[in-house]
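In what follows, a structure is listed as structure tokens, so that the remarks can point back to it.
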Amino acid sequence: MASPTSSLGDDFEKDVGFEKTRSSHEDRRLTQQQQDLIEASEPPFTEHVQSDGGDLEKVTSAKPSVTNIKHVPNGGTTAWLQVLGSFFIYWNAWGIVNTFGTYQTFYETDLLSASSPSDISWIGSVQAFLLMVVSALGGPLYDAGYVHHLLIGGSVLAVLGQMMLSLCTTYWQVFLAQGICIGIGTGAMFVPGVAILSTYFSTKIATATGLAAAGSSLGGTIYPIVFHQLQPKIGFAWATRVLGFIMLATLIVSNCVLKVRVLPEGRRRFLDLTAFKELPYVLFVAGNTMAFLGLYNPFFYVQSYVIESGIAGPGLAFYMLSIINASSTFGRIIPGYTADRIGPLNMIVPCTFFAGVLCICLAAAHSIGPVIAILVLYGFCSGTLVSLPPTIFVHLTENRAVIGTRMGMGFAITSVGMLVGTPISGAILNASSFTYVWVFGGICTVAGAGCLLACRVAKGGAGLMTKV
């Protein structure tokens, strides 16, 4: 079982053309002589520093590039501050997406009661779709040095959309503010939040990403509670504005602490079609897309299910979404830490499978105790599908120069599943009952787990003890 350090070392060895050697079975690290050969063979290092005008300028030095593991900090105060900044990006990107279930229930019973559940769910699904698509399209802008432009522009749009939402009274106004404006804003600022971490961490990347991704769970826990507590007291408009002010305060932190350490030498392509010739990549993207078709059904519909089924009153029902998101916090941190030791694919496959099974189990839960137990477990298992994919894309890509391109392509395709999944479930609900909503979501997620398992076998073989 190769250590994370040796895996990165293997990539470097291929670049300079010498054979992989290891001193012993327990110590699989590059020798100093091989490291010297790597550094000698690398092009000049291009660092991006901020000029007085605020733009990033390229400065060439003799230091090796960021692809050399020796020059990735992998810790330290500055590196962990990037995790803090990324944490609040997740808090206001996926955290806002994870909050939509609260708005779904409120819109169905109050503001947009004339619209069907399927129509209302399009608002949240478009928001999530744009988050992923815009982040994929923003990758080349990040590579070109427009890091703080993306951060500031995305933050402004996200907060602006939230504030404009407080003024909305009709469906199309809500769709434009919450679906389009917030979706584009979160997508733009999400790129730096994810990409910067890979330049500060190597062997601890899954742990760092897991800690940052926990922001989406905590944001998705706090925002619904704040909205639910304030909306009856101060009204929809001011409750929504309070959430906007929380977004503003936390995004100021991200904009202050996120710091560009290094950018790629050269600009990234939008497409790398050779990725679709690699079976593990194709299977992983297909698995993600299938899983996301059903993954967000509990997030969007569980509150309505609990109320309409008479399982709990509105007061308790509004906490169902917070329960999912709170347990999902541990589903991002613990699997991320474990993935650094057993392999990210070995972690994501069983978690995705159990998430699908638990979604189906909701169809048989008719009292509050079983529902809460299922949601706690579902939140934990579903958390890995947000925190681990970026790490897995790195793991599946041998040429580190195209990691960003392949990650963007994968997220763009996966976003289609997020776009159509919950509206399909809304249409199913209109035609039948919640039972079929849970069955549809669970089957899609289990099918996604099957594709992820095939990816794991294609990448690392069928051996149970293989780290992959």
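Ligands are numbered from 1 in the order shown, residues from 1 within each chain, and chains are lettered A, B, ... in the order they appear in the structure tokens.
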
List every residue of range 80-190 of chain A that has an atom at most 12 Å from any atom of range 297-312 of chain A, giving for each one its closest atom pair and the distance in Å to one decimal, counting only C-alpha atoms, sorted by chain and then by ascending residue number, as a tab-separated table.
```
residue	atom	partner	partner_atom	distance
A:Trp94	CA	A:Phe299	CA	11.9
A:Gly95	CA	A:Phe299	CA	11.5
A:Ile96	CA	A:Phe299	CA	11.6
A:Val97	CA	A:Phe299	CA	9.2
A:Asn98	CA	A:Phe299	CA	6.6
A:Thr99	CA	A:Phe299	CA	8.0
A:Phe100	CA	A:Phe300	CA	6.6
A:Gly101	CA	A:Phe300	CA	4.0
A:Thr102	CA	A:Gln303	CA	7.4
A:Tyr103	CA	A:Phe300	CA	8.8
A:Gln104	CA	A:Phe300	CA	6.6
A:Thr105	CA	A:Ser304	CA	5.8
A:Phe106	CA	A:Ser304	CA	9.3
A:Tyr107	CA	A:Ser304	CA	10.8
A:Glu108	CA	A:Ser304	CA	8.6
A:Thr109	CA	A:Ser304	CA	9.4
A:Pro117	CA	A:Tyr301	CA	9.0
A:Ser118	CA	A:Tyr301	CA	10.6
A:Ile120	CA	A:Phe300	CA	10.1
A:Ser121	CA	A:Phe300	CA	7.5
A:Trp122	CA	A:Phe300	CA	10.8
A:Ile123	CA	A:Phe300	CA	11.1
A:Gly124	CA	A:Phe300	CA	8.4
A:Ser125	CA	A:Phe300	CA	9.6
```

Contacts of range 333-343 of chain A at 6 Å or less, counting only C-alpha atoms, minus same-chain residues fewer than 6 places along, as an NGL selection string? :A and (206-207 or 210-211 or 467-468)

So that I have them on file, write out the residues from the current selection with N, CA, C and O atoms, as a short mmCIF file (atom, residue, chain, number, x, y, z; two decimals), in the first residue's frame.
```cif
data_model
loop_
_atom_site.label_atom_id
_atom_site.label_comp_id
_atom_site.auth_asym_id
_atom_site.auth_seq_id
_atom_site.Cartn_x
_atom_site.Cartn_y
_atom_site.Cartn_z
N ALA A 206 -6.89 15.66 1.55
CA ALA A 206 -8.25 15.18 1.83
C ALA A 206 -8.73 15.69 3.18
O ALA A 206 -9.91 16.05 3.34
N THR A 207 -7.84 15.73 4.17
CA THR A 207 -8.20 16.25 5.49
C THR A 207 -8.54 17.74 5.40
O THR A 207 -9.56 18.19 5.95
N GLY A 210 -11.81 18.18 3.59
CA GLY A 210 -12.91 17.77 4.44
C GLY A 210 -13.26 18.81 5.48
O GLY A 210 -14.44 19.09 5.73
N LEU A 211 -12.24 19.41 6.11
CA LEU A 211 -12.49 20.46 7.08
C LEU A 211 -13.15 21.67 6.42
O LEU A 211 -14.09 22.27 6.98
N LYS A 467 -5.14 0.37 -1.59
CA LYS A 467 -5.45 1.79 -1.35
C LYS A 467 -5.70 2.47 -2.67
O LYS A 467 -4.80 2.56 -3.52
N VAL A 468 -6.89 2.98 -2.87
CA VAL A 468 -7.22 3.62 -4.13
C VAL A 468 -8.33 4.66 -3.91
O VAL A 468 -9.16 4.50 -3.03
#
```

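Near Leu429 in chain A, within 10 Å and counting only C-alpha atoms, sit Ser116, Pro117, Ser118, Tyr301, Pro423, Ile424, Ser425, Ser433, Phe434, Thr435, Tyr436, Val437 and Trp438 of chain A; same-chain residues fewer than 4 positions away were not included.
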
Save out the residues we just selected, N, CA and C atoms, as a compact mmCIF listing (two decimals), in the first residue's frame.
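Writing done, so here's result19.txt:
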```
# COMPACT_ATOMS: atom_id res chain seq x y z
N SER A 116 -46.42 24.74 -8.10
CA SER A 116 -46.30 23.33 -7.72
C SER A 116 -44.94 23.07 -7.08
N PRO A 117 -44.82 21.98 -6.29
CA PRO A 117 -43.51 21.64 -5.71
C PRO A 117 -42.41 21.49 -6.77
N SER A 118 -42.77 20.93 -7.93
CA SER A 118 -41.78 20.77 -9.00
C SER A 118 -41.29 22.12 -9.51
N TYR A 301 -37.18 17.84 0.29
CA TYR A 301 -38.56 17.42 0.52
C TYR A 301 -38.86 16.86 1.91
N PRO A 423 -36.47 18.47 -9.56
CA PRO A 423 -37.72 18.72 -10.30
C PRO A 423 -38.41 17.43 -10.75
N ILE A 424 -37.64 16.42 -11.15
CA ILE A 424 -38.25 15.12 -11.48
C ILE A 424 -38.96 14.56 -10.26
N SER A 425 -38.32 14.67 -9.11
CA SER A 425 -38.95 14.18 -7.89
C SER A 425 -40.21 14.98 -7.56
N SER A 433 -46.94 9.93 -4.60
CA SER A 433 -46.77 10.22 -3.18
C SER A 433 -45.30 10.31 -2.83
N PHE A 434 -45.01 10.65 -1.57
CA PHE A 434 -43.62 10.76 -1.13
C PHE A 434 -42.89 9.42 -1.20
N THR A 435 -43.61 8.32 -1.10
CA THR A 435 -42.96 7.00 -1.16
C THR A 435 -42.12 6.86 -2.42
N TYR A 436 -42.68 7.27 -3.54
CA TYR A 436 -41.97 7.12 -4.81
C TYR A 436 -40.85 8.15 -4.97
N VAL A 437 -40.99 9.28 -4.26
CA VAL A 437 -39.90 10.26 -4.25
C VAL A 437 -38.67 9.65 -3.59
N TRP A 438 -38.87 8.98 -2.44
CA TRP A 438 -37.74 8.37 -1.74
C TRP A 438 -37.18 7.18 -2.51
```

I'd like the contact shell of range 224-231 of chain A - 7 Å cut-off, only C-alpha atoms, skipping same-chain residues fewer than 2 positions apart - returned as a list in words.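 Near neighbours after the sequence-gap exclusion: Thr99, Thr102, Gly220, Thr221, Ile222, Lys233, Ile234, Gly235, Phe236, Ala239, Thr240, Phe318, Tyr319 and Ser322 of chain A.
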
Okay, now the selection with N, CA, C and O atoms, as a PDB file, in the first residue's frame?
```
ATOM      1  N   THR A  99     -29.627  24.848   2.252  1.00  0.00           N
ATOM      2  CA  THR A  99     -30.679  25.542   2.991  1.00  0.00           C
ATOM      3  C   THR A  99     -31.994  25.590   2.215  1.00  0.00           C
ATOM      4  O   THR A  99     -33.046  25.878   2.794  1.00  0.00           O
ATOM      5  N   THR A 102     -35.633  24.529   3.361  1.00  0.00           N
ATOM      6  CA  THR A 102     -36.436  25.396   4.219  1.00  0.00           C
ATOM      7  C   THR A 102     -37.267  26.363   3.382  1.00  0.00           C
ATOM      8  O   THR A 102     -38.456  26.593   3.649  1.00  0.00           O
ATOM      9  N   GLY A 220     -25.483  25.048   6.240  1.00  0.00           N
ATOM     10  CA  GLY A 220     -26.799  24.466   6.019  1.00  0.00           C
ATOM     11  C   GLY A 220     -27.527  24.126   7.301  1.00  0.00           C
ATOM     12  O   GLY A 220     -28.732  23.834   7.274  1.00  0.00           O
ATOM     13  N   THR A 221     -26.818  24.122   8.422  1.00  0.00           N
ATOM     14  CA  THR A 221     -27.447  23.915   9.736  1.00  0.00           C
ATOM     15  C   THR A 221     -27.901  25.232  10.341  1.00  0.00           C
ATOM     16  O   THR A 221     -29.029  25.356  10.836  1.00  0.00           O
ATOM     17  N   ILE A 222     -27.032  26.242  10.288  1.00  0.00           N
ATOM     18  CA  ILE A 222     -27.312  27.523  10.931  1.00  0.00           C
ATOM     19  C   ILE A 222     -28.360  28.324  10.162  1.00  0.00           C
ATOM     20  O   ILE A 222     -29.316  28.868  10.761  1.00  0.00           O
ATOM     21  N   LYS A 233     -41.264  36.191  13.497  1.00  0.00           N
ATOM     22  CA  LYS A 233     -41.137  37.363  14.369  1.00  0.00           C
ATOM     23  C   LYS A 233     -40.942  38.660  13.590  1.00  0.00           C
ATOM     24  O   LYS A 233     -41.525  39.697  13.944  1.00  0.00           O
ATOM     25  N   ILE A 234     -40.098  38.613  12.556  1.00  0.00           N
ATOM     26  CA  ILE A 234     -39.784  39.850  11.827  1.00  0.00           C
ATOM     27  C   ILE A 234     -40.184  39.787  10.359  1.00  0.00           C
ATOM     28  O   ILE A 234     -39.973  40.745   9.620  1.00  0.00           O
ATOM     29  N   GLY A 235     -40.751  38.665   9.921  1.00  0.00           N
ATOM     30  CA  GLY A 235     -41.223  38.557   8.545  1.00  0.00           C
ATOM     31  C   GLY A 235     -40.180  37.988   7.596  1.00  0.00           C
ATOM     32  O   GLY A 235     -38.981  37.941   7.903  1.00  0.00           O
ATOM     33  N   PHE A 236     -40.660  37.561   6.438  1.00  0.00           N
ATOM     34  CA  PHE A 236     -39.791  36.948   5.423  1.00  0.00           C
ATOM     35  C   PHE A 236     -38.682  37.892   4.971  1.00  0.00           C
ATOM     36  O   PHE A 236     -37.519  37.493   4.834  1.00  0.00           O
ATOM     37  N   ALA A 239     -35.962  38.470   7.738  1.00  0.00           N
ATOM     38  CA  ALA A 239     -35.272  37.211   8.017  1.00  0.00           C
ATOM     39  C   ALA A 239     -34.291  36.884   6.905  1.00  0.00           C
ATOM     40  O   ALA A 239     -33.166  36.423   7.148  1.00  0.00           O
ATOM     41  N   THR A 240     -34.702  37.138   5.677  1.00  0.00           N
ATOM     42  CA  THR A 240     -33.825  36.900   4.528  1.00  0.00           C
ATOM     43  C   THR A 240     -32.649  37.868   4.533  1.00  0.00           C
ATOM     44  O   THR A 240     -31.518  37.498   4.197  1.00  0.00           O
ATOM     45  N   PHE A 318     -39.199  21.874  10.743  1.00  0.00           N
ATOM     46  CA  PHE A 318     -38.202  22.776  10.178  1.00  0.00           C
ATOM     47  C   PHE A 318     -36.787  22.442  10.645  1.00  0.00           C
ATOM     48  O   PHE A 318     -35.813  22.922  10.053  1.00  0.00           O
ATOM     49  N   TYR A 319     -36.654  21.622  11.676  1.00  0.00           N
ATOM     50  CA  TYR A 319     -35.319  21.248  12.143  1.00  0.00           C
ATOM     51  C   TYR A 319     -34.797  19.990  11.443  1.00  0.00           C
ATOM     52  O   TYR A 319     -33.649  19.607  11.656  1.00  0.00           O
ATOM     53  N   SER A 322     -31.814  20.864   9.311  1.00  0.00           N
ATOM     54  CA  SER A 322     -30.639  21.157  10.141  1.00  0.00           C
ATOM     55  C   SER A 322     -30.032  19.882  10.700  1.00  0.00           C
ATOM     56  O   SER A 322     -28.803  19.790  10.872  1.00  0.00           O
TER      57      SER A 322
END
```

Residues near Met418 in chain A, cut-off 8 Å, only C-alpha atoms, skip fewer than 5 positions along chain, as a PyMOL selection string: chain A and resi 125+128-129+289+292-293+296

Residues as selected, N, CA, C and O atoms, written as a PDB file, in the first residue's frame, can you do that?
```
ATOM      1  N   SER A 125     -32.660  23.879  -7.772  1.00  0.00           N
ATOM      2  CA  SER A 125     -31.828  23.051  -8.643  1.00  0.00           C
ATOM      3  C   SER A 125     -31.031  23.906  -9.618  1.00  0.00           C
ATOM      4  O   SER A 125     -29.872  23.594  -9.928  1.00  0.00           O
ATOM      5  N   ALA A 128     -28.059  25.311  -7.687  1.00  0.00           N
ATOM      6  CA  ALA A 128     -26.990  24.326  -7.543  1.00  0.00           C
ATOM      7  C   ALA A 128     -26.299  24.050  -8.874  1.00  0.00           C
ATOM      8  O   ALA A 128     -25.067  23.892  -8.932  1.00  0.00           O
ATOM      9  N   PHE A 129     -27.078  24.013  -9.953  1.00  0.00           N
ATOM     10  CA  PHE A 129     -26.520  23.790 -11.296  1.00  0.00           C
ATOM     11  C   PHE A 129     -25.540  24.895 -11.662  1.00  0.00           C
ATOM     12  O   PHE A 129     -24.422  24.635 -12.132  1.00  0.00           O
ATOM     13  N   THR A 289     -22.902  11.725 -11.372  1.00  0.00           N
ATOM     14  CA  THR A 289     -24.116  12.265 -11.989  1.00  0.00           C
ATOM     15  C   THR A 289     -25.348  11.489 -11.547  1.00  0.00           C
ATOM     16  O   THR A 289     -26.384  12.073 -11.196  1.00  0.00           O
ATOM     17  N   PHE A 292     -26.130  12.238  -7.805  1.00  0.00           N
ATOM     18  CA  PHE A 292     -26.698  13.561  -7.559  1.00  0.00           C
ATOM     19  C   PHE A 292     -28.117  13.695  -8.102  1.00  0.00           C
ATOM     20  O   PHE A 292     -28.826  14.637  -7.728  1.00  0.00           O
ATOM     21  N   LEU A 293     -28.551  12.795  -8.961  1.00  0.00           N
ATOM     22  CA  LEU A 293     -29.947  12.783  -9.385  1.00  0.00           C
ATOM     23  C   LEU A 293     -30.879  12.585  -8.191  1.00  0.00           C
ATOM     24  O   LEU A 293     -31.973  13.148  -8.141  1.00  0.00           O
ATOM     25  N   TYR A 296     -30.250  14.919  -3.375  1.00  0.00           N
ATOM     26  CA  TYR A 296     -30.833  16.075  -2.703  1.00  0.00           C
ATOM     27  C   TYR A 296     -32.329  15.947  -2.432  1.00  0.00           C
ATOM     28  O   TYR A 296     -32.948  16.890  -1.937  1.00  0.00           O
TER      29      TYR A 296
END
```

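For the residues A:Phe380, A:Phe440, A:Tyr171, A:Phe284, ranking by smallest atom-to-atom distance to Cys359 in chain A using only C-alpha atoms places A:Phe440 first.
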
I'd like the neighbourhood of Leu396 in chain A as a ChimeraX atom specification, where a residue qualifies if any of its atoms comes within 10 Å (using only C-alpha atoms), though same-chain residues fewer than 5 positions away should be ignored. /A:275,278,280-281,284,345,391,403,406,455,459,468

Excluding Pro390 in chain A and any residue of its chain fewer than 3 positions from it, enumerate the residues within 12 Å of it, using only C-alpha atoms, and give them as a ChimeraX atom specification. /A:191,193-195,197-198,205-210,213,284-285,288,336,344-345,348,384-387,393-397,403-411

Keeping only C-alpha atoms, write the selected residues to a file as a PDB file, in the first residue's frame.
```
ATOM      1  CA  VAL A 191     -13.332  28.241  -7.675  1.00  0.00           C
ATOM      2  CA  GLY A 193     -11.995  28.294  -2.384  1.00  0.00           C
ATOM      3  CA  VAL A 194     -11.320  24.831  -3.800  1.00  0.00           C
ATOM      4  CA  ALA A 195      -8.291  25.451  -6.017  1.00  0.00           C
ATOM      5  CA  LEU A 197      -6.074  24.395  -1.067  1.00  0.00           C
ATOM      6  CA  SER A 198      -4.319  22.113  -3.571  1.00  0.00           C
ATOM      7  CA  ILE A 205      -5.232  17.407   1.070  1.00  0.00           C
ATOM      8  CA  ALA A 206      -8.247  15.182   1.825  1.00  0.00           C
ATOM      9  CA  THR A 207      -8.204  16.251   5.489  1.00  0.00           C
ATOM     10  CA  ALA A 208      -7.931  19.939   4.565  1.00  0.00           C
ATOM     11  CA  THR A 209     -10.703  19.634   1.975  1.00  0.00           C
ATOM     12  CA  GLY A 210     -12.910  17.767   4.441  1.00  0.00           C
ATOM     13  CA  ALA A 213     -16.262  21.263   3.154  1.00  0.00           C
ATOM     14  CA  PHE A 284     -16.504   8.254 -11.737  1.00  0.00           C
ATOM     15  CA  VAL A 285     -18.263  11.099 -13.566  1.00  0.00           C
ATOM     16  CA  ASN A 288     -21.437  11.193  -9.511  1.00  0.00           C
ATOM     17  CA  GLY A 336     -11.779  13.022   4.564  1.00  0.00           C
ATOM     18  CA  PRO A 344     -10.759   8.241  -1.309  1.00  0.00           C
ATOM     19  CA  LEU A 345     -12.515   5.743  -3.603  1.00  0.00           C
ATOM     20  CA  ILE A 348     -16.862   7.174  -1.109  1.00  0.00           C
ATOM     21  CA  THR A 384     -18.682  12.346   1.347  1.00  0.00           C
ATOM     22  CA  LEU A 385     -20.220  13.148  -2.055  1.00  0.00           C
ATOM     23  CA  VAL A 386     -19.449  16.828  -1.496  1.00  0.00           C
ATOM     24  CA  SER A 387     -16.050  16.617   0.188  1.00  0.00           C
ATOM     25  CA  PHE A 393     -10.290  13.864  -9.518  1.00  0.00           C
ATOM     26  CA  VAL A 394      -6.687  14.576  -8.453  1.00  0.00           C
ATOM     27  CA  HIS A 395      -6.217  10.880  -7.683  1.00  0.00           C
ATOM     28  CA  LEU A 396      -7.487   9.816 -11.129  1.00  0.00           C
ATOM     29  CA  THR A 397      -5.364  12.289 -13.110  1.00  0.00           C
ATOM     30  CA  ILE A 403      -6.326  18.381 -13.101  1.00  0.00           C
ATOM     31  CA  GLY A 404      -8.279  21.627 -13.133  1.00  0.00           C
ATOM     32  CA  THR A 405      -9.665  21.018 -16.606  1.00  0.00           C
ATOM     33  CA  ARG A 406     -10.810  17.500 -15.797  1.00  0.00           C
ATOM     34  CA  MET A 407     -12.282  18.560 -12.493  1.00  0.00           C
ATOM     35  CA  GLY A 408     -14.253  21.313 -14.206  1.00  0.00           C
ATOM     36  CA  MET A 409     -15.510  18.947 -16.895  1.00  0.00           C
ATOM     37  CA  GLY A 410     -16.574  16.437 -14.271  1.00  0.00           C
ATOM     38  CA  PHE A 411     -18.440  19.002 -12.174  1.00  0.00           C
TER      39      PHE A 411
END
```

What does the structure give for the distance between CA of Ser155 in chain A and CA of Ala188 in chain A, in Å to one decimal?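 Computing the Euclidean distance for CA of Ser155 in chain A and CA of Ala188 in chain A yields 8.2 Å.
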
Per DSSP on the backbone, filter range 359-433 of chain A down to the residues in alpha helix (DSSP H) and report them as a PyMOL selection string. chain A and resi 359-361+368-382+384-387+389-396+403-431

Nearest to Gly315 in chain A, chosen from A:Pro232, A:Leu358, A:His148, A:Gly187, with only C-alpha atoms counted in the distances: A:Pro232
